[in-house]
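Student: Contents of final.txt (compact mmCIF, C-alpha atoms and all ligand atoms):
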# COMPACT_ATOMS: atom_id res chain seq x y z
CA MET A 1 27.25 18.93 206.23
CA TYR A 2 29.64 21.23 208.14
CA LEU A 3 29.54 24.80 209.37
CA ILE A 4 32.82 26.67 209.18
CA ASP A 5 33.86 29.47 211.56
CA TYR A 6 36.85 31.53 210.45
CA VAL A 7 38.63 32.86 213.53
CA SER A 8 41.80 34.89 213.82
CA ASN A 9 43.05 35.88 217.28
CA TRP A 10 45.93 38.21 217.95
CA ASP A 11 47.45 40.03 220.87
CA GLU A 12 46.64 43.69 221.39
CA LYS A 13 50.36 44.26 222.03
CA GLU A 14 50.89 43.64 218.31
CA GLY A 15 49.27 47.05 217.70
CA GLN A 16 46.95 48.50 215.08
CA GLU A 17 49.15 47.44 212.18
CA ALA A 18 48.59 43.83 213.22
CA SER A 19 44.81 44.33 213.04
CA ALA A 20 45.03 45.27 209.37
CA ARG A 21 47.31 42.29 208.66
CA HIS A 22 45.10 39.76 210.44
CA MET A 23 41.90 41.16 208.92
CA SER A 24 43.41 40.96 205.46
CA TRP A 25 44.57 37.39 206.11
CA ILE A 26 41.14 36.23 207.18
CA ARG A 27 39.48 37.93 204.21
CA GLU A 28 41.91 36.11 201.92
CA LEU A 29 41.01 32.81 203.58
CA TYR A 30 37.30 33.56 203.15
CA ASP A 31 37.79 34.28 199.44
CA TYR A 32 40.00 31.23 199.03
CA MET A 33 37.32 28.95 200.52
CA THR A 34 34.49 30.41 198.44
CA PRO A 35 34.58 27.80 195.63
CA TYR A 36 34.51 24.97 198.15
CA VAL A 37 31.47 25.92 200.22
CA SER A 38 27.77 25.90 199.42
CA LYS A 39 26.74 29.09 197.67
CA SER A 40 23.03 29.15 197.17
CA PRO A 41 23.45 31.74 198.68
CA ARG A 42 26.14 31.47 201.35
CA THR A 43 24.52 31.82 204.72
CA ALA A 44 25.56 33.61 207.89
CA PHE A 45 24.57 33.53 211.58
CA LEU A 46 23.46 36.78 213.19
CA ASN A 47 25.35 36.11 216.41
CA TYR A 48 28.55 36.02 214.36
CA LYS A 49 27.84 39.33 212.72
CA ASP A 50 29.96 40.26 209.72
CA LEU A 51 29.91 43.74 208.19
CA ASP A 52 31.83 42.46 205.16
CA LEU A 53 28.52 40.99 203.99
CA GLY A 54 27.21 44.53 203.50
CA ARG A 55 25.90 47.49 205.43
CA VAL A 56 23.75 50.51 204.86
CA ARG A 57 25.18 53.38 202.85
CA ILE A 58 27.54 55.66 204.78
CA ASN A 59 27.65 59.29 203.64
CA GLY A 60 26.64 58.32 200.14
CA GLY A 61 29.73 56.10 199.97
CA ALA A 62 30.25 52.81 198.24
CA THR A 63 29.72 50.60 201.26
CA PHE A 64 26.03 50.17 200.46
CA VAL A 65 24.98 46.69 199.54
CA ASP A 66 21.33 45.93 198.93
CA PRO A 67 20.04 44.71 202.32
CA ARG A 68 18.25 41.89 200.51
CA ILE A 69 21.63 40.32 199.78
CA TRP A 70 22.98 40.19 203.32
CA GLY A 71 19.45 39.94 204.78
CA ARG A 72 18.88 36.66 202.98
CA MET A 73 22.29 35.37 204.02
CA TYR A 74 21.29 35.75 207.65
CA PHE A 75 17.58 35.01 207.47
CA LYS A 76 16.77 33.32 204.13
CA ASN A 77 13.07 33.83 203.31
CA ASN A 78 12.31 35.05 206.83
CA PHE A 79 14.01 38.32 205.84
CA LEU A 80 10.87 39.64 204.12
CA ARG A 81 8.74 38.89 207.19
CA LEU A 82 11.30 40.71 209.32
CA VAL A 83 11.14 43.71 206.96
CA LYS A 84 7.36 43.71 207.22
CA THR A 85 7.48 43.57 211.01
CA LYS A 86 10.07 46.36 211.07
CA SER A 87 7.89 48.52 208.81
CA ASN A 88 4.97 48.07 211.19
CA VAL A 89 6.77 48.75 214.45
CA ASP A 90 9.55 51.21 213.50
CA PRO A 91 8.81 52.73 210.06
CA GLU A 92 11.07 55.73 210.77
CA ASN A 93 13.99 53.38 211.49
CA PHE A 94 14.84 54.91 214.86
CA PHE A 95 16.43 51.59 215.80
CA GLY A 96 18.56 51.62 212.65
CA GLY A 97 22.22 50.71 212.51
CA GLU A 98 24.85 49.63 210.03
CA GLN A 99 23.28 46.23 209.55
CA THR A 100 19.78 46.30 210.98
CA ILE A 101 16.54 45.21 209.31
CA PRO A 102 15.37 48.06 207.03
CA PRO A 103 11.74 49.19 206.79
CA THR A 104 10.19 49.15 203.31
CA ILE A 105 9.21 52.33 201.49
CA GLU A 106 5.82 50.80 200.96
CA ASN A 107 4.20 48.39 203.27
CA GLY A 108 3.53 45.61 200.83
CA THR A 109 5.43 42.72 199.41
CA GLY A 110 8.68 43.76 201.05
CA GLU A 111 10.38 43.74 197.66
CA ARG A 112 11.13 47.46 197.65
CA ILE A 113 13.73 48.06 200.30
CA GLN A 114 14.45 51.60 201.32
CA GLU A 115 17.98 52.79 200.63
CA LEU A 116 19.06 53.80 204.08
CA GLU A 117 21.87 56.18 204.65
CA TYR A 118 24.08 57.00 207.59
CA ARG A 119 25.45 60.53 207.84
CA GLU A 120 28.49 61.55 209.82
CA ALA A 121 27.91 64.36 212.32
CA THR A 122 28.16 67.73 210.57
CA SER A 123 26.66 70.09 213.14
CA SER A 124 28.81 72.87 214.65
CA PRO A 125 30.28 72.36 218.17
CA SER A 126 27.94 75.01 219.68
CA LYS A 127 24.88 73.41 218.07
CA ALA A 128 26.00 70.00 219.29
CA LEU A 129 26.45 71.41 222.82
CA ALA A 130 22.93 72.88 222.83
CA GLN A 131 21.56 69.58 221.51
CA GLN A 132 23.27 67.73 224.37
CA HIS A 133 22.00 70.20 226.97
CA ASN A 134 18.41 69.87 225.72
CA PHE A 135 18.74 66.11 225.67
CA LEU A 136 19.85 66.03 229.32
CA GLN A 137 17.01 68.30 230.43
CA CYS A 138 14.57 66.05 228.59
CA VAL A 139 15.95 62.88 230.26
CA ALA A 140 15.74 64.51 233.69
CA SER A 141 12.10 65.49 233.17
CA HIS A 142 11.08 62.06 231.81
CA SER A 143 12.80 59.88 234.42
CA ASN A 144 10.13 59.03 237.01
CA GLN A 145 12.52 57.64 239.57
CA SER A 146 15.68 59.70 239.38
CA MET A 147 18.23 60.82 236.82
CA PRO A 148 20.22 57.77 235.60
CA GLN A 149 23.98 57.62 236.15
CA LEU A 150 25.51 59.38 233.18
CA TYR A 151 29.07 59.80 231.85
CA VAL A 152 30.29 62.40 229.37
CA PRO A 153 33.69 62.17 227.61
CA LYS A 154 35.15 64.54 230.23
CA SER A 155 34.08 62.30 233.13
CA PRO A 156 37.14 60.70 234.78
CA SER A 157 35.66 57.21 234.45
CA PHE A 158 34.20 57.63 230.92
CA LEU A 159 36.85 55.51 229.20
CA SER A 160 36.94 52.80 231.85
CA VAL A 161 33.14 52.46 231.76
CA LEU A 162 33.19 52.42 227.94
CA GLN A 163 35.91 49.80 227.78
CA SER A 164 34.61 47.70 230.67
CA SER A 165 32.86 45.21 228.40
CA ILE A 166 34.44 45.74 224.99
CA TYR A 167 35.23 42.20 223.94
CA ASN A 168 36.80 43.01 220.55
CA LEU A 169 39.90 45.01 221.42
CA ARG A 170 40.15 46.36 217.85
CA PHE A 171 37.51 48.85 218.97
CA THR A 172 39.38 50.21 221.98
CA SER A 173 41.54 52.28 219.64
CA PRO A 174 41.29 56.13 219.82
CA ALA A 175 39.99 56.11 216.22
CA THR A 176 36.77 54.30 217.23
CA PRO A 177 33.88 56.81 217.45
CA LYS A 178 32.83 57.45 221.06
CA PRO A 179 29.33 58.04 222.43
CA LEU A 180 28.21 61.54 223.48
CA PHE A 181 26.94 60.01 226.71
CA ILE A 182 27.09 56.66 228.41
CA ILE A 183 24.03 55.97 230.52
CA THR A 184 23.90 53.10 233.01
CA PRO A 185 20.22 52.96 234.02
CA ASN A 186 18.93 50.94 236.91
CA HIS A 187 15.24 51.41 236.23
CA GLU A 188 13.06 50.84 233.16
CA SER A 189 11.67 54.38 233.28
CA GLN A 190 15.20 55.75 232.84
CA ILE A 191 15.68 53.69 229.65
CA ARG A 192 12.30 54.86 228.44
CA ALA A 193 13.36 58.48 229.04
CA VAL A 194 16.56 57.98 227.02
CA VAL A 195 14.63 56.45 224.09
CA VAL A 196 12.01 59.21 224.04
CA CYS A 197 14.57 62.04 224.38
CA SER A 198 17.08 60.59 221.88
CA LYS A 199 14.31 60.40 219.32
CA LYS A 200 13.14 63.93 220.10
CA HIS A 201 16.66 65.39 219.80
CA GLY A 202 17.80 63.42 216.76
CA LEU A 203 20.34 61.21 218.51
CA LYS A 204 20.85 57.53 217.79
CA ILE A 205 21.17 55.02 220.59
CA THR A 206 23.20 51.88 220.89
CA VAL A 207 22.38 49.30 223.56
CA ARG A 208 24.97 47.13 225.21
CA SER A 209 24.24 44.03 227.27
CA GLY A 210 27.37 41.86 227.39
CA GLY A 211 29.48 43.78 224.82
CA HIS A 212 30.44 40.64 222.84
CA ASP A 213 29.28 41.89 219.43
CA PHE A 214 32.01 40.88 216.96
CA GLU A 215 31.62 44.18 215.06
CA GLY A 216 31.35 46.32 218.21
CA LEU A 217 27.94 47.62 217.18
CA SER A 218 26.67 47.82 220.76
CA TYR A 219 29.09 50.63 221.63
CA ARG A 220 30.09 52.38 218.43
CA ALA A 221 28.33 54.18 215.56
CA ASN A 222 29.23 56.62 212.81
CA VAL A 223 26.56 59.13 213.87
CA PRO A 224 26.19 61.05 217.16
CA PHE A 225 24.89 58.49 219.62
CA VAL A 226 24.05 57.71 223.22
CA LEU A 227 25.17 54.40 224.70
CA ILE A 228 22.74 52.66 227.04
CA ASP A 229 24.87 50.24 229.02
CA LEU A 230 22.75 47.63 230.81
CA VAL A 231 25.48 46.70 233.27
CA ASN A 232 23.04 47.33 236.18
CA PHE A 233 20.22 45.38 234.56
CA ARG A 234 21.10 41.84 235.55
CA THR A 235 18.54 40.54 238.03
CA ILE A 236 17.70 36.86 237.57
CA ASP A 237 14.54 35.52 239.15
CA VAL A 238 14.34 31.72 238.93
CA ASN A 239 11.02 29.97 239.48
CA ILE A 240 11.61 26.22 239.68
CA LYS A 241 7.92 25.50 240.27
CA ASP A 242 6.96 26.54 236.76
CA ASN A 243 10.34 25.83 235.09
CA SER A 244 10.98 29.44 234.16
CA ALA A 245 13.13 32.46 234.98
CA TRP A 246 12.90 36.19 234.28
CA VAL A 247 16.35 37.39 233.27
CA GLN A 248 17.21 41.04 232.75
CA ALA A 249 19.03 41.88 229.51
CA GLY A 250 22.41 42.76 231.04
CA ALA A 251 22.85 39.42 232.80
CA THR A 252 25.54 37.14 231.43
CA LEU A 253 25.09 33.48 230.46
CA GLY A 254 27.38 32.45 233.33
CA GLU A 255 25.18 34.30 235.81
CA VAL A 256 22.06 32.63 234.39
CA TYR A 257 23.57 29.12 234.66
CA TYR A 258 24.83 29.85 238.17
CA ARG A 259 21.49 31.19 239.48
CA ILE A 260 19.62 28.21 238.02
CA SER A 261 22.08 25.75 239.57
CA GLU A 262 21.66 27.44 242.97
CA LYS A 263 17.98 26.52 242.87
CA SER A 264 18.17 23.09 241.23
CA PRO A 265 20.83 20.61 240.05
CA VAL A 266 18.46 19.12 237.46
CA HIS A 267 17.43 22.28 235.59
CA GLY A 268 19.39 24.15 232.94
CA PHE A 269 19.10 26.48 229.96
CA PRO A 270 20.38 25.64 226.46
CA ALA A 271 22.56 28.53 225.27
CA GLY A 272 26.18 29.51 224.54
CA ALA A 273 29.32 28.25 226.23
CA CYS A 274 31.06 31.55 226.95
CA PRO A 275 30.04 32.72 230.46
CA THR A 276 30.57 36.45 229.82
CA VAL A 277 28.25 36.72 226.77
CA GLY A 278 25.17 38.85 227.56
CA VAL A 279 21.64 37.43 227.22
CA GLY A 280 20.41 40.65 225.54
CA GLY A 281 22.32 40.13 222.30
CA HIS A 282 22.83 36.36 222.49
CA ILE A 283 19.23 35.12 222.73
CA SER A 284 17.91 37.71 220.27
CA GLY A 285 20.36 36.39 217.65
CA GLY A 286 19.35 32.76 218.28
CA GLY A 287 22.00 31.51 220.69
CA PHE A 288 23.40 28.01 220.52
CA ARG A 289 26.11 25.68 221.83
CA LEU A 290 25.50 23.76 225.05
CA MET A 291 22.74 21.18 224.57
CA VAL A 292 21.93 22.37 221.01
CA ARG A 293 21.40 18.81 219.77
CA LYS A 294 18.84 18.03 222.43
CA TYR A 295 17.11 21.39 222.86
CA CYS A 296 17.97 23.51 219.76
CA MET A 297 18.51 27.25 220.20
CA ALA A 298 18.18 29.49 223.26
CA ALA A 299 15.56 31.56 221.38
CA ASP A 300 13.38 28.42 221.12
CA HIS A 301 13.04 28.55 224.91
CA VAL A 302 11.78 32.11 225.38
CA LEU A 303 8.32 32.32 226.92
CA ASP A 304 7.90 36.08 227.19
CA ALA A 305 9.88 39.31 226.85
CA ARG A 306 9.73 42.95 227.88
CA ILE A 307 10.90 45.56 225.39
CA ILE A 308 10.67 49.32 224.86
CA ASN A 309 9.62 50.26 221.34
CA ALA A 310 10.38 53.40 219.31
CA LYS A 311 7.37 55.18 220.84
CA GLY A 312 8.76 54.59 224.32
CA GLU A 313 6.07 52.04 225.19
CA ILE A 314 6.95 49.12 227.42
CA LEU A 315 5.55 45.93 225.87
CA ASP A 316 5.35 42.28 226.81
CA ARG A 317 4.51 39.29 224.61
CA LYS A 318 0.79 39.97 224.75
CA THR A 319 1.00 43.68 223.97
CA MET A 320 3.77 43.46 221.35
CA GLY A 321 1.94 40.78 219.33
CA GLU A 322 3.22 37.51 217.87
CA ASP A 323 5.01 39.02 214.83
CA LEU A 324 7.31 41.18 216.93
CA PHE A 325 7.74 38.43 219.52
CA TRP A 326 8.79 36.12 216.66
CA ALA A 327 11.17 38.74 215.19
CA ILE A 328 13.15 39.42 218.36
CA ARG A 329 13.88 35.70 218.82
CA GLY A 330 16.48 35.27 216.09
CA GLY A 331 16.01 38.44 214.02
CA GLY A 332 18.03 40.58 216.46
CA VAL A 333 16.20 42.83 218.92
CA THR A 334 18.50 45.75 217.91
CA SER A 335 16.27 46.49 214.90
CA PHE A 336 13.07 46.65 216.92
CA GLY A 337 13.60 48.13 220.38
CA VAL A 338 15.43 47.90 223.67
CA LEU A 339 15.14 44.50 225.29
CA LEU A 340 14.59 44.79 229.03
CA ALA A 341 14.19 41.15 230.04
CA TRP A 342 13.50 37.63 228.78
CA LYS A 343 11.31 35.05 230.44
CA ILE A 344 13.08 31.80 229.66
CA GLU A 345 11.98 28.19 229.91
CA LEU A 346 14.22 25.92 231.96
CA VAL A 347 14.94 22.43 230.62
CA PRO A 348 15.66 19.18 232.47
CA VAL A 349 19.33 18.16 232.73
CA PRO A 350 20.76 14.96 234.26
CA LEU A 351 22.13 15.06 237.79
CA LEU A 352 25.34 13.43 236.62
CA HIS A 353 27.34 15.17 233.90
CA ILE A 354 30.36 13.80 232.10
CA LEU A 355 32.86 16.50 231.33
CA TYR A 356 35.93 16.08 229.13
CA LEU A 357 38.75 18.44 230.00
CA PRO A 358 41.59 18.49 227.45
CA TRP A 359 44.90 18.59 229.31
CA GLN A 360 48.38 18.81 227.90
CA LYS A 361 51.41 17.50 229.73
CA PRO A 362 53.69 20.40 230.67
C1 LIG B 401 33.91 34.82 223.18
C2 LIG B 401 32.59 34.70 222.48
C3 LIG B 401 31.92 33.50 222.54
C4 LIG B 401 30.69 33.34 221.90
N1 LIG B 401 30.06 32.14 221.94
C5 LIG B 401 28.85 31.99 221.33
C6 LIG B 401 28.16 30.74 221.37
O1 LIG B 401 28.63 29.76 221.94
N2 LIG B 401 26.95 30.67 220.74
C7 LIG B 401 26.39 31.74 220.10
O2 LIG B 401 25.26 31.62 219.59
N3 LIG B 401 27.02 32.94 220.04
C8 LIG B 401 28.24 33.08 220.64
N4 LIG B 401 28.89 34.29 220.57
C9 LIG B 401 28.25 35.40 219.86
C10 LIG B 401 27.34 36.17 220.82
O3 LIG B 401 26.22 35.37 221.16
C11 LIG B 401 26.85 37.45 220.10
O4 LIG B 401 27.95 38.26 219.82
C12 LIG B 401 25.84 38.19 220.95
O5 LIG B 401 25.20 39.17 220.17
C13 LIG B 401 26.51 38.84 222.14
O6 LIG B 401 25.54 39.38 223.00
P1 LIG B 401 25.97 40.50 224.05
O7 LIG B 401 24.77 40.97 224.73
O8 LIG B 401 27.14 39.99 224.86
O9 LIG B 401 26.59 41.59 223.06
P2 LIG B 401 26.38 43.15 222.86
O10 LIG B 401 27.66 43.57 222.19
O11 LIG B 401 26.01 43.83 224.11
O12 LIG B 401 25.17 43.21 221.87
C14 LIG B 401 25.14 42.53 220.63
C15 LIG B 401 24.11 43.18 219.70
O13 LIG B 401 22.83 43.13 220.31
C16 LIG B 401 22.35 44.44 220.60
N5 LIG B 401 21.80 44.43 221.93
C17 LIG B 401 22.40 43.96 223.05
N6 LIG B 401 21.57 44.08 224.10
C18 LIG B 401 20.45 44.67 223.64
C19 LIG B 401 19.23 45.06 224.27
N7 LIG B 401 19.06 44.87 225.57
N8 LIG B 401 18.29 45.65 223.53
C20 LIG B 401 18.49 45.84 222.19
N9 LIG B 401 19.61 45.49 221.55
C21 LIG B 401 20.59 44.90 222.26
C22 LIG B 401 23.57 45.35 220.51
O14 LIG B 401 23.22 46.66 220.20
C23 LIG B 401 24.40 44.65 219.45
O15 LIG B 401 23.92 45.00 218.17
C24 LIG B 401 30.12 34.45 221.19
C25 LIG B 401 30.80 35.66 221.15
C26 LIG B 401 32.04 35.78 221.77
C27 LIG B 401 32.75 37.09 221.68
Produce structure tokens that represent the structure in this file.
Ligand SMILES: Cc1cc2nc3c(=O)[nH]c(=O)nc-3n(C[C@H](O)[C@H](O)[C@H](O)COP(=O)(O)OP(=O)(O)OC[C@H]3O[C@@H](n4cnc5c(N)ncnc54)[C@H](O)[C@@H]3O)c2cc1C

Tutor:
Amino acid sequence: MYLIDYVSNWDEKEGQEASARHMSWIRELYDYMTPYVSKSPRTAFLNYKDLDLGRVRINGGATFVDPRIWGRMYFKNNFLRLVKTKSNVDPENFFGGEQTIPPTIENGTGERIQELEYREATSSPSKALAQQHNFLQCVASHSNQSMPQLYVPKSPSFLSVLQSSIYNLRFTSPATPKPLFIITPNHESQIRAVVVCSKKHGLKITVRSGGHDFEGLSYRANVPFVLIDLVNFRTIDVNIKDNSAWVQAGATLGEVYYRISEKSPVHGFPAGACPTVGVGGHISGGGFRLMVRKYCMAADHVLDARIINAKGEILDRKTMGEDLFWAIRGGGVTSFGVLLAWKIELVPVPLLHILYLPWQKP
């Protein structure tokens, strides 16, 4: 049995026209391969997100595909349990996006899935300005420590902060919708304030850890939104004595591996190979590559987690309960809250590694 990744890379210098060409090429390849791959149904991996599988309705448009179709591609029968968990913890779908787990209309079998809809911003500029002003006042009054660092589109460094961890350069184009604010918190209470105030003032949030989302969903949305960028949330606290580490959501995989190796040459963590991927998105989507055969997925080695839910409560494994703790380890934390940190289990690795480096003669 084989898993197939379809990948098309191109240079940004080729311009926007090239994006359309390459996207169309890869879609053709996908269609071409369809008769040759298993289709009962075709499955997909959340970490390699694909909006072509379907998304929630946008402005009543035709992009709506029943979430049960793409939900089962990603999660098979676990989809209904995820829907149930979502209905319990976020029935109003505050943490809703183009391809997040939907809550049910009724809390029951999970067979009736709500038809969610995204609406483009329609409010007048003066109303939007007042909304932003009220939002800022709210954040200031709810932040216990101090006001978080905040960037508005007029800030000189707005674009550089926004683009600092955009991995998919298709989304650096001027046509990509921009956030109303970028907030780079350095304390949990500041994130809590943003969640509470966004909800109160009808703004969506997107959360970015490493920015490697293939569809750019950590830093773009089709509704007015606030971007919480966890670039300052990357403390890693390794405890060799009990084989564990607390890792804040904005840390990258490379940083995690490096901090572990500083403390011990015979401990490791089984996750992805790309050092710049963020642990926030990666582990919550499963996370695999290095050592997958021996230790399975990164999400299999999570001992505890801290998240902020839609009510602005800070929860750990004990207070969130086992259903939610199960859901955020593979079901994508985006649908359920803001992940603050993971407590991960370290695994034994041999002192001597054999590494094959492919090398081509010049
Ligand atoms: C070059 C490259 C190599 C990769 N290699 C692998 C690999 O080897 N194995 C593998 O399994 N995957 C791999 N991936 C996929 C990668 O794991 C996913 O794209 C993952 O979601 C990226 O996490 P991130 O935090 O960097 O991304 P982000 O873009 O920051 O976030 C991804 C998603 O998670 C949400 N999110 C992020 N942080 C939080 C948070 N703190 N709270 C709530 N929601 C959050 C975002 O809103 C977004 O929806 C790779 C991707 C790239 C681009």

Student: Excluding segment 188-190 of chain A and residues on its chain fewer than 6 positions from it, collect all residues at most 9 Å away from it, counting only C-alpha atoms, and give them as a ChimeraX atom specification.

Tutor: /A:139-140,142-148,308,314,340

Student: Would you work out the distance separating atom CA of Val161 of chain A from atom C20 of ligand LIG 401 (chain B), expressed in Å to one decimal?

Tutor: 18.7 Å

Student: For ligand LIG 401 (chain B), list the contacting residues at 6 Å or closer, counting all atoms listed in the file, as a ChimeraX atom specification.

Tutor: /A:47-48,206-214,217-218,249,272-274,277-282,287-289,333-334,337-340

Student: Between A:Ala310, A:Leu159, A:Val37, A:Ala245, which residue has the minimum interatomic distance to Phe94 of chain A, considering only C-alpha atoms?

Tutor: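 Using only C-alpha atoms, Phe94 of chain A sits closest to A:Ala310.
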
Student: Determine the nearest neighbour of Ile166 of chain A from the options A:Gln360, A:Thr100, A:Thr34, A:Thr276, counting all atoms listed in the file.

Tutor: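 Closest to Ile166 of chain A of all the choices is A:Thr276.
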
Student: Quick one: of A:Lys311, A:Ile328, A:Leu303, A:Gly97, who's nearest to Arg220 of chain A, counting all atoms listed in the file?

Tutor: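 Nearest candidate to Arg220 of chain A out of A:Lys311, A:Ile328, A:Leu303, A:Gly97: A:Gly97.
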
Student: Taking all atoms listed in the file into account, name the residue in A:Gly15, A:Pro348, A:Pro224, A:Gly332 that is nearest to Leu129 of chain A.

Tutor: A:Pro224

Student: Just how far from atom CA of Arg72 of chain A is atom CA of Ser24 of chain A, in Å to one decimal?

Tutor: 25.0 Å

Student: Using only C-alpha atoms, determine which residues lie at most 9 Å from His201 of chain A, disregarding the query and same-chain residues fewer than 6 positions distant; provide the list as JSON, numbers by chain.

Tutor: {"A": [131, 132, 134, 135]}

Student: Using all atoms listed in the file, find the one residue out of A:Glu215, A:Ser198, A:Pro179, A:Val238 that sits nearest to Gln99 of chain A.

Tutor: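 Looking at the shortest contact to Gln99 of chain A, the residue is A:Glu215.
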
Student: Return the single residue from A:Gly216, A:Glu262, A:Glu313, A:Lys343 that is closest to Arg170 of chain A, with distances computed using only C-alpha atoms.

Tutor: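 When distances to Arg170 of chain A are compared using only C-alpha atoms, the smallest one comes from A:Gly216.
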
Student: Compute the distance from (12.8, 29.3, 227.1) to each atom, counting only C-alpha atoms, keep the residues with any atom at most 9 Å away, and return them as a PyMOL selection string; use the coordinates of the file.

Tutor: chain A and resi 244-245+269-270+298-304+342-347

Student: Please define a box with edges along x, y and z of the file around all atoms of segment 259-275 of chain A given in the file, extend it by 8 Å on each side, and return its centre and edge lengths in Å to one decimal, as lines of an AutoDock Vina configuration file.

Tutor:
center_x = 24.2
center_y = 25.9
center_z = 233.8
size_x = 29.6
size_y = 29.6
size_z = 34.4

Student: So how many Å separate atom CA of Gly268 of chain A and atom CA of Met291 of chain A, to one decimal?

Tutor: 9.5 Å
